[in-house]
$ cat start-v9.csv   # CSV, C-alpha atoms
chain,number,residue,atom,x,y,z
O,1,MET,CA,0.0,0.0,0.0
O,2,THR,CA,1.4,3.4,-1.0
O,3,ALA,CA,1.4,5.5,2.2
O,4,ARG,CA,3.7,8.4,1.2
O,5,TYR,CA,4.6,10.1,-2.0
O,6,GLU,CA,6.8,13.0,-3.2
O,7,ALA,CA,5.3,16.1,-4.7
O,8,LEU,CA,6.7,17.7,-7.8
O,9,PRO,CA,10.0,19.5,-7.3
O,10,ALA,CA,9.6,22.0,-10.1
O,11,THR,CA,6.5,24.1,-10.6
O,12,ALA,CA,7.1,24.3,-14.4
O,13,ALA,CA,6.0,20.7,-14.6
O,14,TYR,CA,2.4,21.6,-13.8
O,15,ALA,CA,2.2,23.6,-17.0
O,16,ASP,CA,4.4,21.5,-19.2
O,17,VAL,CA,3.0,18.1,-18.2
O,18,PHE,CA,-0.4,18.7,-16.7
O,19,LYS,CA,-1.4,21.8,-18.6
O,20,VAL,CA,-2.5,23.9,-15.6
O,21,PRO,CA,-0.9,26.9,-13.9
O,22,PRO,CA,1.4,25.9,-10.9
O,23,PRO,CA,0.2,26.5,-7.4
O,24,GLN,CA,1.0,29.8,-5.7
O,25,GLU,CA,2.6,27.9,-2.9
O,26,PRO,CA,4.4,24.7,-3.6
O,27,GLY,CA,3.2,23.0,-0.4
O,28,ALA,CA,4.8,20.0,1.4
O,29,ARG,CA,7.5,18.0,-0.4
O,30,HIS,CA,6.5,14.6,1.1
O,31,ILE,CA,2.8,13.9,1.3
O,32,LYS,CA,1.5,11.6,4.1
O,33,PRO,CA,-2.1,10.4,4.8
O,34,ARG,CA,-4.3,13.2,5.9
O,35,GLY,CA,-1.8,15.7,4.6
O,36,THR,CA,-2.5,18.3,1.9
O,37,GLY,CA,-1.5,17.6,-1.7
O,38,PHE,CA,-2.6,18.7,-5.1
O,39,MET,CA,-5.1,17.0,-7.4
O,40,LEU,CA,-6.1,17.9,-11.0
O,41,ARG,CA,-9.8,17.6,-11.9
O,42,ALA,CA,-12.0,18.6,-14.8
O,43,VAL,CA,-14.1,21.7,-14.5
O,44,PRO,CA,-17.7,21.7,-15.7
O,45,VAL,CA,-18.3,24.1,-18.7
O,46,PRO,CA,-20.1,27.2,-17.3
O,47,VAL,CA,-23.7,27.7,-18.5
O,48,PRO,CA,-25.8,30.9,-18.6
O,49,SER,CA,-27.4,31.7,-15.3
O,50,HIS,CA,-30.8,32.2,-16.9
O,51,THR,CA,-32.5,31.8,-20.3
O,52,PRO,CA,-32.2,34.8,-22.6
O,53,GLN,CA,-35.5,36.5,-23.3
O,54,PRO,CA,-36.2,37.5,-27.0
O,55,GLY,CA,-36.5,41.2,-27.8
O,56,PRO,CA,-39.1,42.8,-30.1
O,57,ASP,CA,-37.2,41.7,-33.2
O,58,GLY,CA,-36.9,38.1,-32.0
O,59,ALA,CA,-33.2,38.4,-31.0
O,60,ALA,CA,-32.0,37.5,-27.6
O,61,ALA,CA,-31.9,41.0,-26.0
O,62,ASP,CA,-31.0,39.8,-22.5
O,63,ALA,CA,-28.2,37.3,-23.0
O,64,ALA,CA,-26.5,36.1,-19.7
O,65,GLN,CA,-22.8,36.2,-19.8
O,66,PRO,CA,-21.2,33.0,-18.4
O,67,ALA,CA,-18.3,33.2,-16.0
O,68,GLU,CA,-14.9,32.9,-17.5
O,69,ALA,CA,-13.7,29.3,-17.5
O,70,PRO,CA,-10.2,27.9,-17.1
O,71,ALA,CA,-8.4,27.3,-20.3
O,72,ALA,CA,-8.9,23.8,-21.8
O,73,PRO,CA,-5.9,21.8,-23.0
O,74,PRO,CA,-6.2,20.7,-26.7
O,75,GLY,CA,-8.8,18.0,-27.0
O,76,GLY,CA,-9.9,18.1,-23.4
O,77,GLN,CA,-12.2,19.8,-20.8
O,78,PRO,CA,-11.1,22.7,-18.8
O,79,ARG,CA,-9.1,21.5,-15.8
O,80,GLU,CA,-8.1,22.9,-12.4
O,81,LEU,CA,-5.4,22.2,-9.8
O,82,ILE,CA,-6.8,22.1,-6.3
O,83,ALA,CA,-5.2,21.7,-2.9
O,84,ALA,CA,-7.0,18.8,-1.1
O,85,GLN,CA,-6.5,16.3,1.7
O,86,TRP,CA,-5.0,12.9,0.8
O,87,GLY,CA,-7.4,10.4,2.4
O,88,LEU,CA,-11.0,10.4,1.1
O,89,VAL,CA,-13.8,11.8,3.3
O,90,PRO,CA,-17.1,10.5,1.8
O,91,HIS,CA,-19.9,13.0,1.4
O,92,TRP,CA,-22.1,11.0,3.8
O,93,VAL,CA,-19.7,11.2,6.8
O,94,LYS,CA,-21.7,13.0,9.6
O,95,SER,CA,-18.8,14.8,11.3
O,96,ALA,CA,-15.4,16.2,10.7
O,97,SER,CA,-14.0,14.0,13.5
O,98,ASP,CA,-15.4,10.9,11.9
O,99,GLY,CA,-13.9,12.0,8.6
O,100,ARG,CA,-10.4,12.4,10.2
O,101,LEU,CA,-10.6,8.9,11.6
O,102,ARG,CA,-11.6,7.4,8.3
O,103,ALA,CA,-9.2,9.3,6.0
O,104,PRO,CA,-5.9,7.5,6.8
O,105,LYS,CA,-7.6,4.2,5.8
O,106,LEU,CA,-9.0,5.7,2.6
O,107,VAL,CA,-5.8,6.9,0.9
O,108,ASN,CA,-5.9,4.1,-1.7
O,109,ALA,CA,-8.9,2.7,-3.6
O,110,TYR,CA,-8.6,-0.7,-5.2
O,111,THR,CA,-9.5,-1.1,-8.9
O,112,ASP,CA,-11.7,-4.1,-8.2
O,113,THR,CA,-13.8,-2.3,-5.5
O,114,VAL,CA,-13.6,1.4,-6.4
O,115,SER,CA,-17.0,1.2,-8.1
O,116,THR,CA,-18.7,-0.9,-5.4
O,117,GLY,CA,-17.0,-0.2,-2.0
O,118,THR,CA,-19.1,2.0,0.3
O,119,ALA,CA,-16.4,4.7,0.7
O,120,PHE,CA,-15.6,5.2,-3.0
O,121,ARG,CA,-18.7,4.1,-4.9
O,122,ASP,CA,-20.5,7.5,-5.1
O,123,ALA,CA,-17.3,9.3,-6.2
O,124,TRP,CA,-16.7,6.8,-8.9
O,125,LEU,CA,-20.3,6.6,-10.2
O,126,ASN,CA,-20.5,10.4,-10.3
O,127,GLY,CA,-17.4,10.6,-12.4
O,128,GLN,CA,-15.4,12.4,-9.7
O,129,ARG,CA,-12.0,11.3,-11.1
O,130,CYS,CA,-8.8,13.2,-10.7
O,131,ILE,CA,-5.1,13.1,-11.5
O,132,VAL,CA,-2.5,13.3,-8.6
O,133,PRO,CA,0.8,14.8,-9.8
O,134,MET,CA,3.9,13.3,-8.1
O,135,GLN,CA,7.6,12.8,-8.6
O,136,SER,CA,7.8,9.4,-6.9
O,137,PHE,CA,6.1,7.2,-4.3
O,138,TYR,CA,7.5,5.0,-1.6
O,139,GLU,CA,7.2,1.3,-0.8
O,140,ASP,CA,8.9,-0.8,1.8
O,141,ASP,CA,11.2,-3.6,0.8
O,142,TRP,CA,11.0,-6.5,3.3
O,143,ARG,CA,13.2,-8.9,1.5
O,144,SER,CA,16.0,-8.4,4.1
O,145,GLY,CA,13.6,-9.1,6.9
O,146,LYS,CA,13.1,-5.5,7.8
O,147,ALA,CA,11.4,-2.6,6.1
O,148,VAL,CA,13.7,-0.6,3.8
O,149,PRO,CA,12.0,2.5,2.4
O,150,THR,CA,12.3,2.5,-1.4
O,151,ARG,CA,11.7,5.4,-3.8
O,152,ILE,CA,9.8,4.4,-7.0
O,153,ALA,CA,10.1,6.8,-9.9
O,154,ARG,CA,10.1,6.9,-13.7
O,155,VAL,CA,13.3,5.9,-15.3
O,156,ASP,CA,13.4,9.1,-17.3
O,157,GLY,CA,12.8,11.2,-14.3
O,158,ALA,CA,9.6,12.7,-15.6
O,159,PRO,CA,6.6,13.5,-13.3
O,160,MET,CA,3.9,10.9,-12.8
O,161,GLY,CA,0.1,11.5,-13.0
O,162,VAL,CA,-1.7,9.0,-10.8
O,163,ALA,CA,-5.3,8.2,-11.3
O,164,GLY,CA,-7.6,9.0,-8.4
O,165,VAL,CA,-11.1,9.8,-7.2
O,166,TRP,CA,-12.1,12.9,-5.2
O,167,ALA,CA,-14.9,13.8,-2.8
O,168,ARG,CA,-16.5,16.9,-1.4
O,169,TRP,CA,-17.7,16.9,2.2
O,170,GLU,CA,-19.8,19.7,3.7
O,171,GLY,CA,-20.5,19.9,7.4
O,172,PRO,CA,-23.7,21.2,9.1
O,173,ASP,CA,-22.0,24.5,9.8
O,174,GLY,CA,-20.9,25.0,6.2
O,175,GLU,CA,-17.4,23.7,6.5
O,176,VAL,CA,-16.2,22.2,3.2
O,177,LEU,CA,-13.4,19.6,2.8
O,178,LEU,CA,-12.1,18.4,-0.5
O,179,SER,CA,-10.2,15.1,-0.4
O,180,TYR,CA,-8.9,12.4,-2.8
O,181,ALA,CA,-7.6,8.9,-2.9
O,182,LEU,CA,-5.1,7.2,-5.3
O,183,ILE,CA,-6.4,4.3,-7.3
O,184,THR,CA,-4.2,1.2,-7.0
O,185,VAL,CA,-4.0,-2.0,-9.2
O,186,SER,CA,-2.7,-5.4,-8.4
O,187,ALA,CA,1.1,-5.7,-8.7
O,188,GLN,CA,1.3,-9.5,-8.0
O,189,ALA,CA,2.6,-10.1,-11.5
O,190,HIS,CA,4.5,-6.8,-12.0
O,191,GLY,CA,8.2,-7.2,-12.8
O,192,LEU,CA,9.2,-4.6,-10.2
O,193,LEU,CA,6.5,-3.8,-7.7
O,194,ASN,CA,5.9,-7.5,-6.9
O,195,ARG,CA,9.0,-7.3,-4.7
O,196,TYR,CA,7.6,-4.7,-2.2
O,197,GLY,CA,5.3,-4.9,0.7
O,198,PRO,CA,5.1,-7.0,4.0
O,199,PRO,CA,5.4,-10.7,3.6
O,200,GLY,CA,2.1,-12.3,2.6
O,201,ALA,CA,0.5,-9.0,1.8
O,202,ASP,CA,-1.3,-8.3,-1.5
O,203,ARG,CA,1.1,-6.4,-3.8
O,204,ARG,CA,-0.4,-3.2,-5.2
O,205,MET,CA,0.8,-0.1,-7.1
O,206,PRO,CA,-0.7,3.2,-8.0
O,207,VAL,CA,-2.3,3.5,-11.5
O,208,ILE,CA,0.2,5.7,-13.4
O,209,LEU,CA,-1.4,7.3,-16.5
O,210,GLY,CA,0.5,8.1,-19.6
O,211,GLU,CA,0.6,11.8,-20.5
O,212,GLY,CA,-1.5,11.1,-23.6
O,213,ALA,CA,-4.3,9.7,-21.4
O,214,HIS,CA,-4.7,12.6,-19.0
O,215,ALA,CA,-7.5,14.4,-20.8
O,216,ALA,CA,-9.3,11.1,-21.6
O,217,TRP,CA,-9.2,9.9,-18.0
O,218,LEU,CA,-10.8,13.1,-16.8
O,219,SER,CA,-13.6,13.2,-19.4
O,220,THR,CA,-14.3,9.6,-20.4
O,221,PRO,CA,-17.8,8.1,-19.5
O,222,VAL,CA,-17.9,6.2,-16.3
O,223,ALA,CA,-18.7,3.0,-18.1
O,224,LYS,CA,-15.3,3.1,-19.9
O,225,ALA,CA,-13.1,4.5,-17.1
O,226,LYS,CA,-11.9,1.2,-15.9
O,227,GLU,CA,-10.1,0.7,-19.2
O,228,PHE,CA,-7.4,3.1,-17.9
O,229,LEU,CA,-6.7,1.1,-14.7
O,230,ARG,CA,-3.7,-1.1,-15.5
O,231,PRO,CA,-0.1,-1.5,-14.2
O,232,TYR,CA,2.6,0.8,-15.6
O,233,PRO,CA,5.4,-1.0,-17.4
O,234,ALA,CA,8.1,-2.3,-15.1
O,235,GLN,CA,10.9,-1.3,-17.5
O,236,SER,CA,9.8,2.3,-17.3
O,237,LEU,CA,10.2,2.5,-13.5
O,238,THR,CA,13.2,2.5,-11.2
O,239,ALA,CA,13.5,1.6,-7.4
O,240,ASN,CA,16.2,3.1,-5.1
O,241,PRO,CA,16.5,2.5,-1.3
O,242,VAL,CA,16.6,5.6,0.8
O,243,GLU,CA,17.8,6.1,4.4
O,244,HIS,CA,14.6,8.0,5.5
O,245,LYS,CA,11.7,8.9,3.4
O,246,ALA,CA,11.6,12.5,4.6
O,247,ASP,CA,15.4,13.1,4.8
O,248,LYS,CA,16.8,11.8,1.5
O,249,VAL,CA,17.1,14.4,-1.2
O,250,PRO,CA,16.9,12.7,-4.6
O,251,LYS,CA,19.6,13.4,-7.1
O,252,GLY,CA,18.5,16.3,-9.4
O,253,TRP,CA,16.1,17.7,-6.8
O,254,LEU,CA,15.3,21.3,-8.0
O,255,GLY,CA,13.3,22.6,-5.0
$ encode --input "start-v9.csv" --output "structure tokens"
Amino acid sequence: MTARYEALPATAAYADVFKVPPPQEPGARHIKPRGTGFMLRAVPVPVPSHTPQPGPDGAAADAAQPAEAPAAPPGGQPRELIAAQWGLVPHWVKSASDGRLRAPKLVNAYTDTVSTGTAFRDAWLNGQRCIVPMQSFYEDDWRSGKAVPTRIARVDGAPMGVAGVWARWEGPDGEVLLSYALITVSAQAHGLLNRYGPPGADRRMPVILGEGAHAAWLSTPVAKAKEFLRPYPAQSLTANPVEHKADKVPKGWLG
């Protein structure tokens, strides 16, 4: 289970890879459960606030002006980058304290239950999909008999966009909390990620999307969304042990 990941070290990657403006504040470098990270989601196209009324000549004399929408990348819906909590808080949770208790256990959604599990089902069926930008994620290597934190990244050093689902919770006093979970797929047969995790545990890995699939993942109909949920090629990933997840500065770190 992925329980920590590394945010993007360079703000330029948000525009170059994910086609959104970078955040005003970079935020934490290492994201832990219930911490604040960034997610990318599609923005609904604005519609006029009311129906234009025809004038005497039959033309729409009272046309409503829609609000300005974020720019859309080529071939895709408008998208936005939002700070949110890692660890889903379902909309039906009754209190903020209940949400805080649930969130650390809802950082990962399994591909086989994301559409049916109580915590994630509504987000999935409502098309509340997102992309979580990251530079790497961490898994523990237990082959020596003790947990060795290991940094998993792309071989080419490029950022990763991980598939996720998001939720909006609103409390009785108007408090609003946006949250998200990573979607993970089985890594039992994966050439690299099958080595990591506690003995006897189910091997899993985040669903890493190819750059060309970002727009489609955010806009595809729910019925076809599971076609994107597959393991990333092992030959395109690299694994390196680190002394401490939060202390090791990867080579080439720009921030």
$ closest_residue --input "start-v9.csv" --among "O:Trp124, O:Phe228, O:Phe18, O:Trp86" --to "Val185 in chain O" --atoms "only C-alpha atoms"
O:Phe228
$ closest_residue --input "start-v9.csv" --among "O:Leu178, O:Ile131, O:Ile82, O:Leu106" --to "Ala119 in chain O" --atoms "only C-alpha atoms"
O:Leu106
$ residues_near_point --input "start-v9.csv" --point "(-9.9, 10.2, 7.9)" --cutoff "12 Å" --atoms "only C-alpha atoms" --output "PyMOL selection string"
chain O and resi 33-35+85-90+93+95-107+119+169+177-181
$ closest_residue --input "start-v9.csv" --among "O:Asn240, O:Thr36, O:Asn108, O:Gln77" --to "Val165 in chain O" --atoms "only C-alpha atoms"
O:Asn108
$ residues_around --input "start-v9.csv" --residues "Asp202 in chain O" --least-positions-apart "6" --cutoff "10 Å" --atoms "only C-alpha atoms" --output "JSON, numbers by chain"
{"O": [1, 186, 187, 188, 194, 196]}
$ closest_residue --input "start-v9.csv" --among "O:Ala109, O:Ala158, O:Asp141, O:Arg151" --to "Ala13 in chain O" --atoms "only C-alpha atoms"
O:Ala158
$ residues_around --input "start-v9.csv" --residues "Ala123 in chain O" --least-positions-apart "3" --cutoff "9 Å" --atoms "only C-alpha atoms" --output "ChimeraX atom specification"
/O:90-91,114-115,119-120,126-129,165-167
$ atom_distance --input "start-v9.csv" --atom1 "CA of Arg204 in chain O" --atom2 "CA of Ala189 in chain O"
9.8 Å
$ atom_distance --input "start-v9.csv" --atom1 "CA of Thr116 in chain O" --atom2 "CA of Ala216 in chain O"
22.2 Å
$ atom_distance --input "start-v9.csv" --atom1 "CA of Asp112 in chain O" --atom2 "CA of Ala225 in chain O"
12.5 Å
$ residues_around --input "start-v9.csv" --residues "Pro23 in chain O" --least-positions-apart "4" --cutoff "9 Å" --atoms "only C-alpha atoms" --output "list of chain:residue names"
O:Thr11, O:Tyr14, O:Gly27, O:Phe38, O:Leu81, O:Ile82, O:Ala83
$ residues_around --input "start-v9.csv" --residues "Arg154 in chain O" --least-positions-apart "3" --cutoff "8 Å" --atoms "all atoms listed in the file" --output "compact mmCIF listing (two decimals) with C-alpha atoms, in the coordinates of the input"
# COMPACT_ATOMS: atom_id res chain seq x y z
CA SER O 136 7.80 9.40 -6.90
CA GLY O 157 12.80 11.20 -14.30
CA ALA O 158 9.60 12.70 -15.60
CA PRO O 159 6.60 13.50 -13.30
CA MET O 160 3.90 10.90 -12.80
CA SER O 236 9.80 2.30 -17.30
CA LEU O 237 10.20 2.50 -13.50
CA THR O 238 13.20 2.50 -11.20
$ build_atoms --input "start-v9.csv" --residues "range 95-119 of chain O" --atoms "N, CA, C and O atoms" --output "compact mmCIF listing (two decimals), in the frame of the given file"
# COMPACT_ATOMS: atom_id res chain seq x y z
N SER O 95 -19.60 13.82 10.59
CA SER O 95 -18.80 14.80 11.30
C SER O 95 -17.41 14.88 10.85
O SER O 95 -16.89 13.92 10.27
N ALA O 96 -16.76 16.02 11.11
CA ALA O 96 -15.40 16.20 10.70
C ALA O 96 -14.47 15.20 11.47
O ALA O 96 -13.51 14.67 10.91
N SER O 97 -14.78 14.93 12.72
CA SER O 97 -14.00 14.00 13.50
C SER O 97 -14.07 12.58 12.94
O SER O 97 -13.08 11.84 12.88
N ASP O 98 -15.27 12.19 12.50
CA ASP O 98 -15.40 10.90 11.90
C ASP O 98 -14.62 10.81 10.58
O ASP O 98 -13.97 9.80 10.28
N GLY O 99 -14.64 11.91 9.82
CA GLY O 99 -13.90 12.00 8.60
C GLY O 99 -12.38 11.83 8.84
O GLY O 99 -11.67 11.14 8.09
N ARG O 100 -11.88 12.48 9.88
CA ARG O 100 -10.40 12.40 10.20
C ARG O 100 -10.05 10.97 10.57
O ARG O 100 -8.94 10.52 10.24
N LEU O 101 -10.93 10.25 11.25
CA LEU O 101 -10.60 8.90 11.60
C LEU O 101 -10.60 7.96 10.40
O LEU O 101 -9.78 7.04 10.32
N ARG O 102 -11.49 8.20 9.46
CA ARG O 102 -11.60 7.40 8.30
C ARG O 102 -10.47 7.63 7.26
O ARG O 102 -10.01 6.71 6.57
N ALA O 103 -10.06 8.90 7.13
CA ALA O 103 -9.20 9.30 6.00
C ALA O 103 -7.90 8.51 5.89
O ALA O 103 -7.54 8.13 4.77
N PRO O 104 -7.13 8.22 6.98
CA PRO O 104 -5.90 7.50 6.80
C PRO O 104 -6.08 6.08 6.19
O PRO O 104 -5.16 5.53 5.59
N LYS O 105 -7.28 5.53 6.35
CA LYS O 105 -7.60 4.20 5.80
C LYS O 105 -8.12 4.29 4.37
O LYS O 105 -8.31 3.25 3.72
N LEU O 106 -8.35 5.52 3.89
CA LEU O 106 -9.00 5.70 2.60
C LEU O 106 -8.04 6.50 1.65
O LEU O 106 -8.49 7.33 0.87
N VAL O 107 -6.73 6.25 1.76
CA VAL O 107 -5.80 6.90 0.90
C VAL O 107 -5.65 6.18 -0.46
O VAL O 107 -5.22 6.76 -1.46
N ASN O 108 -5.99 4.89 -0.47
CA ASN O 108 -5.90 4.10 -1.70
C ASN O 108 -7.24 3.40 -1.95
O ASN O 108 -7.87 2.86 -1.04
N ALA O 109 -7.65 3.43 -3.20
CA ALA O 109 -8.90 2.70 -3.60
C ALA O 109 -8.47 1.62 -4.58
O ALA O 109 -7.70 1.84 -5.53
N TYR O 110 -8.95 0.42 -4.33
CA TYR O 110 -8.60 -0.70 -5.20
C TYR O 110 -9.41 -0.70 -6.47
O TYR O 110 -10.60 -0.37 -6.46
N THR O 111 -8.78 -1.07 -7.57
CA THR O 111 -9.50 -1.10 -8.90
C THR O 111 -10.68 -1.98 -8.87
O THR O 111 -11.69 -1.68 -9.50
N ASP O 112 -10.60 -3.10 -8.13
CA ASP O 112 -11.70 -4.10 -8.20
C ASP O 112 -12.87 -3.69 -7.29
O ASP O 112 -13.96 -4.25 -7.43
N THR O 113 -12.69 -2.71 -6.39
CA THR O 113 -13.80 -2.30 -5.50
C THR O 113 -14.09 -0.82 -5.54
O THR O 113 -14.98 -0.36 -4.83
N VAL O 114 -13.38 -0.05 -6.36
CA VAL O 114 -13.60 1.40 -6.40
C VAL O 114 -15.02 1.75 -6.80
O VAL O 114 -15.57 2.78 -6.38
N SER O 115 -15.63 0.91 -7.61
CA SER O 115 -17.00 1.20 -8.10
C SER O 115 -18.07 0.58 -7.22
O SER O 115 -19.27 0.85 -7.43
N THR O 116 -17.68 -0.23 -6.23
CA THR O 116 -18.70 -0.90 -5.40
C THR O 116 -18.50 -0.69 -3.91
O THR O 116 -19.46 -0.82 -3.15
N GLY O 117 -17.28 -0.36 -3.46
CA GLY O 117 -17.00 -0.20 -2.00
C GLY O 117 -17.79 1.05 -1.52
O GLY O 117 -17.93 2.08 -2.20
N THR O 118 -18.26 0.96 -0.28
CA THR O 118 -19.10 2.00 0.30
C THR O 118 -18.42 3.37 0.27
O THR O 118 -19.05 4.39 -0.03
N ALA O 119 -17.12 3.43 0.57
CA ALA O 119 -16.40 4.70 0.70
C ALA O 119 -16.22 5.41 -0.65
O ALA O 119 -16.27 6.64 -0.74
